[in-house]
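S.K.: entry_27.pdb is the file, holding PDB, C-alpha atoms, pLDDT in the B column:
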ATOM      1  CA  MET X   1      -4.642  12.336 -19.884  1.00 46.00           C
ATOM      2  CA  PRO X   2      -6.194  15.668 -20.882  1.00 52.00           C
ATOM      3  CA  THR X   3      -6.509  18.233 -18.137  1.00 54.00           C
ATOM      4  CA  ASP X   4      -9.784  19.801 -17.110  1.00 55.00           C
ATOM      5  CA  PRO X   5      -9.850  23.272 -15.511  1.00 67.00           C
ATOM      6  CA  THR X   6     -12.881  22.330 -13.410  1.00 82.00           C
ATOM      7  CA  PRO X   7     -11.700  21.328  -9.910  1.00 88.00           C
ATOM      8  CA  PRO X   8     -13.116  18.167  -8.353  1.00 92.00           C
ATOM      9  CA  SER X   9     -16.085  18.575  -6.031  1.00 94.00           C
ATOM     10  CA  GLU X  10     -16.796  16.774  -2.788  1.00 94.00           C
ATOM     11  CA  VAL X  11     -19.706  14.348  -2.835  1.00 95.00           C
ATOM     12  CA  ALA X  12     -19.589  13.128   0.768  1.00 95.00           C
ATOM     13  CA  ALA X  13     -17.274  13.051   3.774  1.00 94.00           C
ATOM     14  CA  LEU X  14     -16.338   9.460   4.590  1.00 91.00           C
ATOM     15  CA  LYS X  15     -14.085   9.818   7.621  1.00 87.00           C
ATOM     16  CA  ALA X  16     -12.134  12.450   9.521  1.00 84.00           C
ATOM     17  CA  ASP X  17      -9.569  11.876  12.240  1.00 81.00           C
ATOM     18  CA  SER X  18      -6.259  13.218  13.480  1.00 80.00           C
ATOM     19  CA  PHE X  19      -4.412  11.791  10.464  1.00 84.00           C
ATOM     20  CA  GLY X  20      -6.478  13.386   7.725  1.00 89.00           C
ATOM     21  CA  ARG X  21      -9.875  13.788   6.151  1.00 93.00           C
ATOM     22  CA  ILE X  22     -11.211  11.217   3.689  1.00 95.00           C
ATOM     23  CA  ALA X  23     -13.906  12.248   1.221  1.00 96.00           C
ATOM     24  CA  LEU X  24     -15.670  10.878  -1.804  1.00 97.00           C
ATOM     25  CA  MET X  25     -14.932  13.227  -4.692  1.00 97.00           C
ATOM     26  CA  ARG X  26     -16.209  13.690  -8.215  1.00 97.00           C
ATOM     27  CA  GLY X  27     -13.805  14.737 -10.965  1.00 94.00           C
ATOM     28  CA  PRO X  28     -13.708  14.724 -14.771  1.00 92.00           C
ATOM     29  CA  GLN X  29     -13.108  10.954 -14.787  1.00 89.00           C
ATOM     30  CA  GLY X  30     -15.831  10.162 -12.244  1.00 94.00           C
ATOM     31  CA  LEU X  31     -15.810   9.267  -8.550  1.00 97.00           C
ATOM     32  CA  PHE X  32     -12.622   8.858  -6.530  1.00 98.00           C
ATOM     33  CA  VAL X  33     -11.533   8.953  -2.873  1.00 97.00           C
ATOM     34  CA  ARG X  34      -9.235  11.648  -1.474  1.00 97.00           C
ATOM     35  CA  ARG X  35      -7.234  11.625   1.752  1.00 97.00           C
ATOM     36  CA  ASP X  36      -6.455  15.262   2.570  1.00 97.00           C
ATOM     37  CA  LEU X  37      -3.778  16.075   5.151  1.00 96.00           C
ATOM     38  CA  GLY X  38      -4.464  19.807   5.049  1.00 92.00           C
ATOM     39  CA  ARG X  39      -6.273  19.942   8.395  1.00 88.00           C
ATOM     40  CA  VAL X  40      -3.930  17.649  10.333  1.00 92.00           C
ATOM     41  CA  PRO X  41      -2.612  19.261  13.563  1.00 89.00           C
ATOM     42  CA  TRP X  42       0.956  20.485  13.179  1.00 91.00           C
ATOM     43  CA  TRP X  43       2.300  17.982  15.713  1.00 90.00           C
ATOM     44  CA  LEU X  44       0.849  15.061  13.737  1.00 90.00           C
ATOM     45  CA  ARG X  45       1.777  16.222  10.241  1.00 93.00           C
ATOM     46  CA  LEU X  46       4.922  14.115  10.005  1.00 94.00           C
ATOM     47  CA  PRO X  47       3.308  10.769  11.011  1.00 92.00           C
ATOM     48  CA  ALA X  48       0.230  11.557   8.882  1.00 93.00           C
ATOM     49  CA  TRP X  49       2.455  12.284   5.881  1.00 96.00           C
ATOM     50  CA  TRP X  50       4.482   9.129   6.550  1.00 95.00           C
ATOM     51  CA  LEU X  51       1.348   6.974   6.653  1.00 93.00           C
ATOM     52  CA  ALA X  52      -0.034   8.525   3.472  1.00 96.00           C
ATOM     53  CA  ARG X  53       3.268   8.053   1.666  1.00 97.00           C
ATOM     54  CA  ARG X  54       3.353   4.446   2.864  1.00 96.00           C
ATOM     55  CA  GLU X  55      -0.128   3.925   1.421  1.00 97.00           C
ATOM     56  CA  ALA X  56       0.876   5.499  -1.895  1.00 98.00           C
ATOM     57  CA  ARG X  57       3.866   3.162  -2.183  1.00 97.00           C
ATOM     58  CA  ALA X  58       1.702   0.155  -1.362  1.00 98.00           C
ATOM     59  CA  LEU X  59      -0.890   1.165  -3.956  1.00 98.00           C
ATOM     60  CA  ARG X  60       1.827   1.355  -6.594  1.00 97.00           C
ATOM     61  CA  ARG X  61       2.607  -2.272  -5.735  1.00 96.00           C
ATOM     62  CA  VAL X  62      -0.997  -3.330  -6.493  1.00 96.00           C
ATOM     63  CA  ASP X  63      -1.290  -1.358  -9.720  1.00 97.00           C
ATOM     64  CA  GLY X  64      -3.708  -3.194 -12.001  1.00 97.00           C
ATOM     65  CA  LEU X  65      -4.855  -5.675  -9.355  1.00 97.00           C
ATOM     66  CA  GLU X  66      -8.631  -5.927  -9.318  1.00 95.00           C
ATOM     67  CA  ALA X  67     -10.621  -5.355  -6.126  1.00 97.00           C
ATOM     68  CA  THR X  68      -7.987  -3.006  -4.685  1.00 98.00           C
ATOM     69  CA  PRO X  69      -7.816   0.807  -4.880  1.00 98.00           C
ATOM     70  CA  GLN X  70      -5.672   2.216  -7.663  1.00 98.00           C
ATOM     71  CA  LEU X  71      -3.391   5.172  -6.979  1.00 98.00           C
ATOM     72  CA  LEU X  72      -4.441   8.248  -8.951  1.00 98.00           C
ATOM     73  CA  ALA X  73      -2.231  10.938  -7.407  1.00 97.00           C
ATOM     74  CA  TRP X  74      -0.050  11.754  -4.387  1.00 98.00           C
ATOM     75  CA  ASP X  75       1.461  15.218  -3.994  1.00 97.00           C
ATOM     76  CA  GLY X  76       2.501  15.167  -0.335  1.00 96.00           C
ATOM     77  CA  ARG X  77      -0.789  16.619   0.889  1.00 96.00           C
ATOM     78  CA  CYS X  78      -3.583  14.810  -0.968  1.00 97.00           C
ATOM     79  CA  LEU X  79      -3.692  11.135  -1.849  1.00 98.00           C
ATOM     80  CA  ASP X  80      -6.265  10.253  -4.503  1.00 98.00           C
ATOM     81  CA  ARG X  81      -7.297   6.658  -5.153  1.00 98.00           C
ATOM     82  CA  SER X  82      -9.956   5.002  -7.239  1.00 98.00           C
ATOM     83  CA  TYR X  83     -13.411   4.463  -5.787  1.00 97.00           C
ATOM     84  CA  LEU X  84     -14.703   0.945  -5.116  1.00 97.00           C
ATOM     85  CA  ASP X  85     -18.483   0.614  -5.076  1.00 96.00           C
ATOM     86  CA  GLY X  86     -19.191  -1.448  -1.994  1.00 96.00           C
ATOM     87  CA  ALA X  87     -19.854  -1.536   1.741  1.00 97.00           C
ATOM     88  CA  ALA X  88     -17.660  -2.510   4.679  1.00 97.00           C
ATOM     89  CA  MET X  89     -17.971  -6.093   5.846  1.00 98.00           C
ATOM     90  CA  TYR X  90     -19.739  -5.081   9.063  1.00 97.00           C
ATOM     91  CA  GLN X  91     -22.274  -3.078   7.013  1.00 97.00           C
ATOM     92  CA  ARG X  92     -23.037  -5.900   4.594  1.00 97.00           C
ATOM     93  CA  PRO X  93     -22.100  -9.097   6.457  1.00 98.00           C
ATOM     94  CA  PRO X  94     -21.352 -12.078   4.171  1.00 98.00           C
ATOM     95  CA  HIS X  95     -23.293 -14.555   6.311  1.00 97.00           C
ATOM     96  CA  GLY X  96     -22.920 -18.056   4.895  1.00 97.00           C
ATOM     97  CA  ASP X  97     -21.295 -16.722   1.711  1.00 98.00           C
ATOM     98  CA  LEU X  98     -18.603 -19.305   1.044  1.00 97.00           C
ATOM     99  CA  ALA X  99     -17.924 -17.868  -2.431  1.00 98.00           C
ATOM    100  CA  TYR X 100     -17.004 -14.528  -0.841  1.00 98.00           C
ATOM    101  CA  PHE X 101     -14.362 -16.098   1.387  1.00 98.00           C
ATOM    102  CA  ARG X 102     -12.953 -18.258  -1.392  1.00 98.00           C
ATOM    103  CA  GLN X 103     -12.546 -15.178  -3.566  1.00 98.00           C
ATOM    104  CA  ALA X 104     -11.113 -13.220  -0.623  1.00 98.00           C
ATOM    105  CA  ARG X 105      -8.437 -15.857  -0.092  1.00 98.00           C
ATOM    106  CA  ARG X 106      -7.482 -15.782  -3.788  1.00 98.00           C
ATOM    107  CA  LEU X 107      -7.324 -11.980  -3.669  1.00 98.00           C
ATOM    108  CA  LEU X 108      -5.068 -12.163  -0.621  1.00 98.00           C
ATOM    109  CA  GLN X 109      -2.785 -14.648  -2.385  1.00 98.00           C
ATOM    110  CA  ARG X 110      -2.431 -12.323  -5.384  1.00 98.00           C
ATOM    111  CA  LEU X 111      -1.646  -9.463  -3.010  1.00 97.00           C
ATOM    112  CA  HIS X 112       1.075 -11.483  -1.296  1.00 98.00           C
ATOM    113  CA  ARG X 113       2.608 -12.603  -4.605  1.00 97.00           C
ATOM    114  CA  ARG X 114       3.180  -8.929  -5.346  1.00 97.00           C
ATOM    115  CA  GLY X 115       5.294  -8.649  -2.226  1.00 97.00           C
ATOM    116  CA  LEU X 116       2.738  -6.851  -0.096  1.00 98.00           C
ATOM    117  CA  ALA X 117       1.363  -7.734   3.331  1.00 96.00           C
ATOM    118  CA  HIS X 118      -1.604  -5.632   4.429  1.00 97.00           C
ATOM    119  CA  ASN X 119      -1.111  -5.880   8.239  1.00 94.00           C
ATOM    120  CA  ASP X 120      -4.529  -4.428   9.137  1.00 94.00           C
ATOM    121  CA  LEU X 121      -7.083  -6.993   7.994  1.00 97.00           C
ATOM    122  CA  ALA X 122      -8.453  -7.672  11.468  1.00 94.00           C
ATOM    123  CA  LYS X 123     -10.596  -4.583  10.863  1.00 95.00           C
ATOM    124  CA  GLU X 124     -13.822  -5.391   9.088  1.00 97.00           C
ATOM    125  CA  ALA X 125     -13.808  -1.848   7.691  1.00 96.00           C
ATOM    126  CA  ASN X 126     -10.817  -2.800   5.522  1.00 97.00           C
ATOM    127  CA  TRP X 127     -12.765  -5.601   3.823  1.00 98.00           C
ATOM    128  CA  LEU X 128     -15.431  -4.509   1.367  1.00 98.00           C
ATOM    129  CA  VAL X 129     -18.362  -6.388  -0.065  1.00 98.00           C
ATOM    130  CA  LEU X 130     -18.683  -4.935  -3.553  1.00 98.00           C
ATOM    131  CA  ALA X 131     -21.995  -4.257  -5.242  1.00 96.00           C
ATOM    132  CA  ASP X 132     -21.736  -7.592  -7.077  1.00 96.00           C
ATOM    133  CA  GLY X 133     -20.880  -9.477  -3.863  1.00 97.00           C
ATOM    134  CA  ARG X 134     -17.137  -9.870  -4.504  1.00 98.00           C
ATOM    135  CA  PRO X 135     -14.551  -8.988  -1.833  1.00 98.00           C
ATOM    136  CA  ALA X 136     -12.187  -6.030  -1.987  1.00 98.00           C
ATOM    137  CA  ILE X 137      -9.408  -4.754   0.274  1.00 98.00           C
ATOM    138  CA  ILE X 138      -8.768  -1.100   1.150  1.00 97.00           C
ATOM    139  CA  ASP X 139      -6.633   1.073   3.472  1.00 95.00           C
ATOM    140  CA  PHE X 140      -2.987   0.214   2.871  1.00 97.00           C
ATOM    141  CA  GLN X 141      -1.419   2.700   5.313  1.00 94.00           C
ATOM    142  CA  LEU X 142       0.207  -0.049   7.388  1.00 92.00           C
ATOM    143  CA  ALA X 143       1.126  -2.370   4.512  1.00 96.00           C
ATOM    144  CA  THR X 144       4.639  -3.809   4.292  1.00 95.00           C
ATOM    145  CA  ARG X 145       6.486  -4.271   0.991  1.00 97.00           C
ATOM    146  CA  GLY X 146       9.164  -6.888   0.484  1.00 96.00           C
ATOM    147  CA  ASP X 147      10.304 -10.074  -1.188  1.00 97.00           C
ATOM    148  CA  PRO X 148       7.332 -12.489  -0.976  1.00 96.00           C
ATOM    149  CA  ARG X 149       9.784 -15.372  -0.467  1.00 95.00           C
ATOM    150  CA  ALA X 150      11.432 -13.768   2.563  1.00 95.00           C
ATOM    151  CA  ARG X 151      10.699 -15.375   5.921  1.00 92.00           C
ATOM    152  CA  TRP X 152       9.492 -12.073   7.396  1.00 91.00           C
ATOM    153  CA  MET X 153       7.028 -11.519   4.559  1.00 94.00           C
ATOM    154  CA  ARG X 154       5.744 -15.089   4.764  1.00 94.00           C
ATOM    155  CA  LEU X 155       5.058 -14.556   8.462  1.00 92.00           C
ATOM    156  CA  LEU X 156       3.140 -11.342   7.777  1.00 94.00           C
ATOM    157  CA  ALA X 157       1.222 -13.044   4.973  1.00 95.00           C
ATOM    158  CA  ARG X 158       0.181 -15.802   7.349  1.00 94.00           C
ATOM    159  CA  GLU X 159      -1.106 -13.205   9.809  1.00 94.00           C
ATOM    160  CA  ASP X 160      -3.156 -11.628   6.999  1.00 96.00           C
ATOM    161  CA  LEU X 161      -4.645 -15.032   6.292  1.00 97.00           C
ATOM    162  CA  ARG X 162      -5.400 -15.671   9.975  1.00 95.00           C
ATOM    163  CA  HIS X 163      -7.367 -12.417  10.118  1.00 96.00           C
ATOM    164  CA  LEU X 164      -9.370 -13.433   7.062  1.00 98.00           C
ATOM    165  CA  LEU X 165     -10.103 -16.808   8.640  1.00 98.00           C
ATOM    166  CA  LYS X 166     -11.315 -15.070  11.800  1.00 96.00           C
ATOM    167  CA  HIS X 167     -13.904 -13.254   9.696  1.00 98.00           C
ATOM    168  CA  LYS X 168     -14.791 -16.526   8.011  1.00 98.00           C
ATOM    169  CA  ARG X 169     -15.282 -18.063  11.451  1.00 97.00           C
ATOM    170  CA  THR X 170     -17.654 -15.217  12.309  1.00 98.00           C
ATOM    171  CA  TYR X 171     -19.766 -15.322   9.168  1.00 98.00           C
ATOM    172  CA  CYS X 172     -19.232 -18.759   7.628  1.00 97.00           C
ATOM    173  CA  ALA X 173     -17.964 -20.987  10.444  1.00 97.00           C
ATOM    174  CA  GLN X 174     -19.484 -24.175   9.061  1.00 96.00           C
ATOM    175  CA  ALA X 175     -17.224 -23.891   5.991  1.00 97.00           C
ATOM    176  CA  LEU X 176     -13.915 -23.785   7.906  1.00 97.00           C
ATOM    177  CA  THR X 177     -11.681 -26.685   6.947  1.00 96.00           C
ATOM    178  CA  PRO X 178      -9.634 -28.677   9.500  1.00 96.00           C
ATOM    179  CA  VAL X 179      -6.465 -27.026   8.189  1.00 95.00           C
ATOM    180  CA  GLU X 180      -7.996 -23.564   8.611  1.00 96.00           C
ATOM    181  CA  ARG X 181      -9.092 -24.379  12.148  1.00 95.00           C
ATOM    182  CA  ARG X 182      -5.559 -25.452  13.033  1.00 93.00           C
ATOM    183  CA  LEU X 183      -4.147 -22.262  11.551  1.00 92.00           C
ATOM    184  CA  LEU X 184      -6.538 -20.193  13.658  1.00 92.00           C
ATOM    185  CA  GLN X 185      -5.332 -21.951  16.798  1.00 88.00           C
ATOM    186  CA  ARG X 186      -1.662 -21.399  15.969  1.00 80.00           C
ATOM    187  CA  ARG X 187      -0.640 -18.020  17.360  1.00 72.00           C
ATOM    188  CA  SER X 188       2.601 -16.560  16.060  1.00 68.00           C
ATOM    189  CA  TRP X 189       5.229 -14.839  18.183  1.00 57.00           C
ATOM    190  CA  LEU X 190       4.480 -11.702  16.170  1.00 61.00           C
ATOM    191  CA  ARG X 191       0.883 -11.628  17.396  1.00 57.00           C
ATOM    192  CA  GLU X 192       1.949 -12.270  20.989  1.00 59.00           C
ATOM    193  CA  ALA X 193       4.554  -9.497  20.818  1.00 58.00           C
ATOM    194  CA  TRP X 194       1.994  -7.039  19.430  1.00 51.00           C
ATOM    195  CA  PHE X 195      -0.547  -7.771  22.167  1.00 52.00           C
ATOM    196  CA  ALA X 196       2.132  -7.562  24.851  1.00 53.00           C
ATOM    197  CA  THR X 197       3.842  -4.375  23.702  1.00 59.00           C
ATOM    198  CA  GLY X 198       2.490  -2.603  20.621  1.00 49.00           C
ATOM    199  CA  LYS X 199      -1.238  -2.739  21.287  1.00 51.00           C
ATOM    200  CA  PRO X 200      -1.135  -1.161  24.778  1.00 56.00           C
ATOM    201  CA  VAL X 201       0.907   1.726  23.357  1.00 49.00           C
ATOM    202  CA  TYR X 202      -1.503   2.059  20.421  1.00 49.00           C
ATOM    203  CA  ARG X 203      -4.525   2.141  22.731  1.00 58.00           C
ATOM    204  CA  PHE X 204      -2.915   4.707  25.038  1.00 51.00           C
ATOM    205  CA  PHE X 205      -2.000   6.972  22.123  1.00 51.00           C
ATOM    206  CA  THR X 206      -5.372   6.768  20.336  1.00 53.00           C
ATOM    207  CA  ARG X 207      -7.653   6.838  23.387  1.00 55.00           C
ATOM    208  CA  ARG X 208      -5.788   9.048  25.852  1.00 55.00           C
ATOM    209  CA  ILE X 209      -4.020  11.468  23.509  1.00 56.00           C
ATOM    210  CA  LEU X 210      -6.143  11.541  20.356  1.00 55.00           C
ATOM    211  CA  HIS X 211      -9.408  10.778  22.207  1.00 53.00           C
ATOM    212  CA  TRP X 212     -10.795   8.412  19.586  1.00 54.00           C
ATOM    213  CA  GLU X 213     -11.423   4.701  19.341  1.00 55.00           C
ATOM    214  CA  ASP X 214     -11.804   2.805  16.065  1.00 57.00           C
ATOM    215  CA  ASN X 215     -13.404  -0.289  17.672  1.00 48.00           C
ATOM    216  CA  GLU X 216     -11.102  -2.444  15.541  1.00 45.00           C
ATOM    217  CA  GLY X 217     -12.816  -1.128  12.442  1.00 45.00           C
ATOM    218  CA  GLN X 218     -16.094  -2.869  13.205  1.00 47.00           C
ATOM    219  CA  GLY X 219     -18.226   0.233  13.044  1.00 43.00           C
ATOM    220  CA  PRO X 220     -19.981   2.043  15.852  1.00 40.00           C
ATOM    221  CA  LYS X 221     -20.774   0.158  18.989  1.00 37.00           C
ATOM    222  CA  PRO X 222     -24.508  -0.457  19.645  1.00 36.00           C
TER     223      PRO X 222
END
So, in terms of structure tokens, how does the structure I just supplied come out?
M.R.:
Amino acid sequence: MPTDPTPPSEVAALKADSFGRIALMRGPQGLFVRRDLGRVPWWLRLPAWWLARREARALRRVDGLEATPQLLAWDGRCLDRSYLDGAAMYQRPPHGDLAYFRQARRLLQRLHRRGLAHNDLAKEANWLVLADGRPAIIDFQLATRGDPRARWMRLLAREDLRHLLKHKRTYCAQALTPVERRLLQRRSWLREAWFATGKPVYRFFTRRILHWEDNEGQGPKP
């Protein structure tokens, strides 16, 4: 790819927190999204770098997969990924859109076949509704890579699916099948362990130490 001496310019700030600043950028090839760790507090630099590196590795796993961000660059400070033209699920709710959820399930299956479990799909902010109405998945910082046939990966994949079905229950409940309803009622030991141990620690760290609350990625509270 030919180089261009003109540096990319920022179009808009998308998000800023203790783990980095995310901005929409414009470069020689068009729009892209950059996660910049340059302003991360010194005591959070290691976990911020670890999360960004984890996302870069996950994005390499989905190289070429439509409706997912594509990794453009990762140099240890800035992670650049392709821009997806869409809005978060809570911003453009797919009410009654059965086609959206059918396509979302197929997208999730393709993701899992590549040996990747997202692990953060309970957040509506991580599901996009693209300009043409199709679903897309973003934010792979917590994704797990592994053999898709392994028992551990199958368990994580099922949790991904349960989170999708929760959104379907919210926006398209009449289209839930009996099998999907049974899956929603079946809580895994992984979920129970997270709510009993991991989530209280997460809430304490984010709310008491970092003084921010993501509201499970559902956007600002009314």
S.K.: Pick the closest to Leu184 of chain X from X:Val33, X:Arg26, X:Glu159, X:Leu84: which is it, counting all atoms listed in the file?
M.R.: X:Glu159
S.K.: For this file, the PyMOL selection byres ((chain X and resi 170) around 12) selects which residues, as a PyMOL selection string?
M.R.: chain X and resi 89-90+93-97+101+122+124+163-169+171-176
S.K.: Give me a file of those residues, with C-alpha atoms, as a short mmCIF file (atom, residue, chain, number, x, y, z; two decimals), in the frame of the given file.
M.R.:
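As written to disk, part.cif reads:
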data_model
loop_
_atom_site.label_atom_id
_atom_site.label_comp_id
_atom_site.auth_asym_id
_atom_site.auth_seq_id
_atom_site.Cartn_x
_atom_site.Cartn_y
_atom_site.Cartn_z
CA MET X 89 -17.97 -6.09 5.85
CA TYR X 90 -19.74 -5.08 9.06
CA PRO X 93 -22.10 -9.10 6.46
CA PRO X 94 -21.35 -12.08 4.17
CA HIS X 95 -23.29 -14.56 6.31
CA GLY X 96 -22.92 -18.06 4.89
CA ASP X 97 -21.30 -16.72 1.71
CA PHE X 101 -14.36 -16.10 1.39
CA ALA X 122 -8.45 -7.67 11.47
CA GLU X 124 -13.82 -5.39 9.09
CA HIS X 163 -7.37 -12.42 10.12
CA LEU X 164 -9.37 -13.43 7.06
CA LEU X 165 -10.10 -16.81 8.64
CA LYS X 166 -11.32 -15.07 11.80
CA HIS X 167 -13.90 -13.25 9.70
CA LYS X 168 -14.79 -16.53 8.01
CA ARG X 169 -15.28 -18.06 11.45
CA TYR X 171 -19.77 -15.32 9.17
CA CYS X 172 -19.23 -18.76 7.63
CA ALA X 173 -17.96 -20.99 10.44
CA GLN X 174 -19.48 -24.18 9.06
CA ALA X 175 -17.22 -23.89 5.99
CA LEU X 176 -13.92 -23.78 7.91
#
S.K.: So how many Å separate atom CA of Ala88 of chain X and atom CA of Pro148 of chain X, to one decimal?
M.R.: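 Atom CA of Pro148 of chain X lies at a distance of 27.5 Å from atom CA of Ala88 of chain X.
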S.K.: I need the output of the PyMOL selection byres ((chain X and resi 34) around 10) for this file as a ChimeraX atom specification; which residues are they?
M.R.: /X:10,13-14,20-26,31-33,35-37,72-74,78-83
S.K.: Which value, in Å to one decimal, gives the distance between atom CA of Leu108 of chain X and atom CA of Ala157 of chain X?
M.R.: 8.5 Å
S.K.: So what does the PyMOL selection byres ((chain X and resi 46-52) around 8) actually pick up in this one, as JSON, numbers by chain?
M.R.: {"X": [19, 20, 37, 40, 43, 44, 45, 53, 54, 55, 56, 76, 77, 79, 141, 142]}
S.K.: Under the rule that only C-alpha atoms are counted, which of X:Ala136, X:Asp63, X:Leu111, X:Ser18 is the nearest residue to Trp42 of chain X?
M.R.: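 Of X:Ala136, X:Asp63, X:Leu111, X:Ser18, the one nearest Trp42 of chain X, counting only C-alpha atoms, is X:Ser18.
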S.K.: Hey, can you check how far atom CA of Thr68 of chain X sits from atom CA of Leu128 of chain X?
M.R.: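 Atom-to-atom, atom CA of Thr68 of chain X to atom CA of Leu128 of chain X, that is 9.7 Å.
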S.K.: Using all atoms listed in the file, which residue out of X:Arg162, X:Gly64, X:Asp147, X:Arg106 lies closest to Val179 of chain X?
M.R.: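 Closest residue, counting all atoms listed in the file: X:Arg162.
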S.K.: Write out as a PDB file with C-alpha atoms, keeping the file's coordinate frame each polymer residue whose atoms come within 8 Å of Tyr100 of chain X, counting all atoms listed in the file; drop sequence neighbours fewer than 3 positions from it.
M.R.:
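out03.pdb was written with the following content:
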ATOM      1  CA  PRO X  94     -21.352 -12.078   4.171  1.00 98.00           C
ATOM      2  CA  ASP X  97     -21.295 -16.722   1.711  1.00 98.00           C
ATOM      3  CA  GLN X 103     -12.546 -15.178  -3.566  1.00 98.00           C
ATOM      4  CA  ALA X 104     -11.113 -13.220  -0.623  1.00 98.00           C
ATOM      5  CA  GLY X 133     -20.880  -9.477  -3.863  1.00 97.00           C
ATOM      6  CA  ARG X 134     -17.137  -9.870  -4.504  1.00 98.00           C
ATOM      7  CA  PRO X 135     -14.551  -8.988  -1.833  1.00 98.00           C
TER       8      PRO X 135
END
S.K.: Once 3 Å is added on each side, what centre and edge lengths in Å to one decimal does the axis-aligned box around all listed atoms of segment 21-38 of chain X have, as JSON?
M.R.:
{"center_x": -10.0, "center_y": 14.3, "center_z": -4.3, "size_x": 18.4, "size_y": 16.9, "size_z": 26.9}
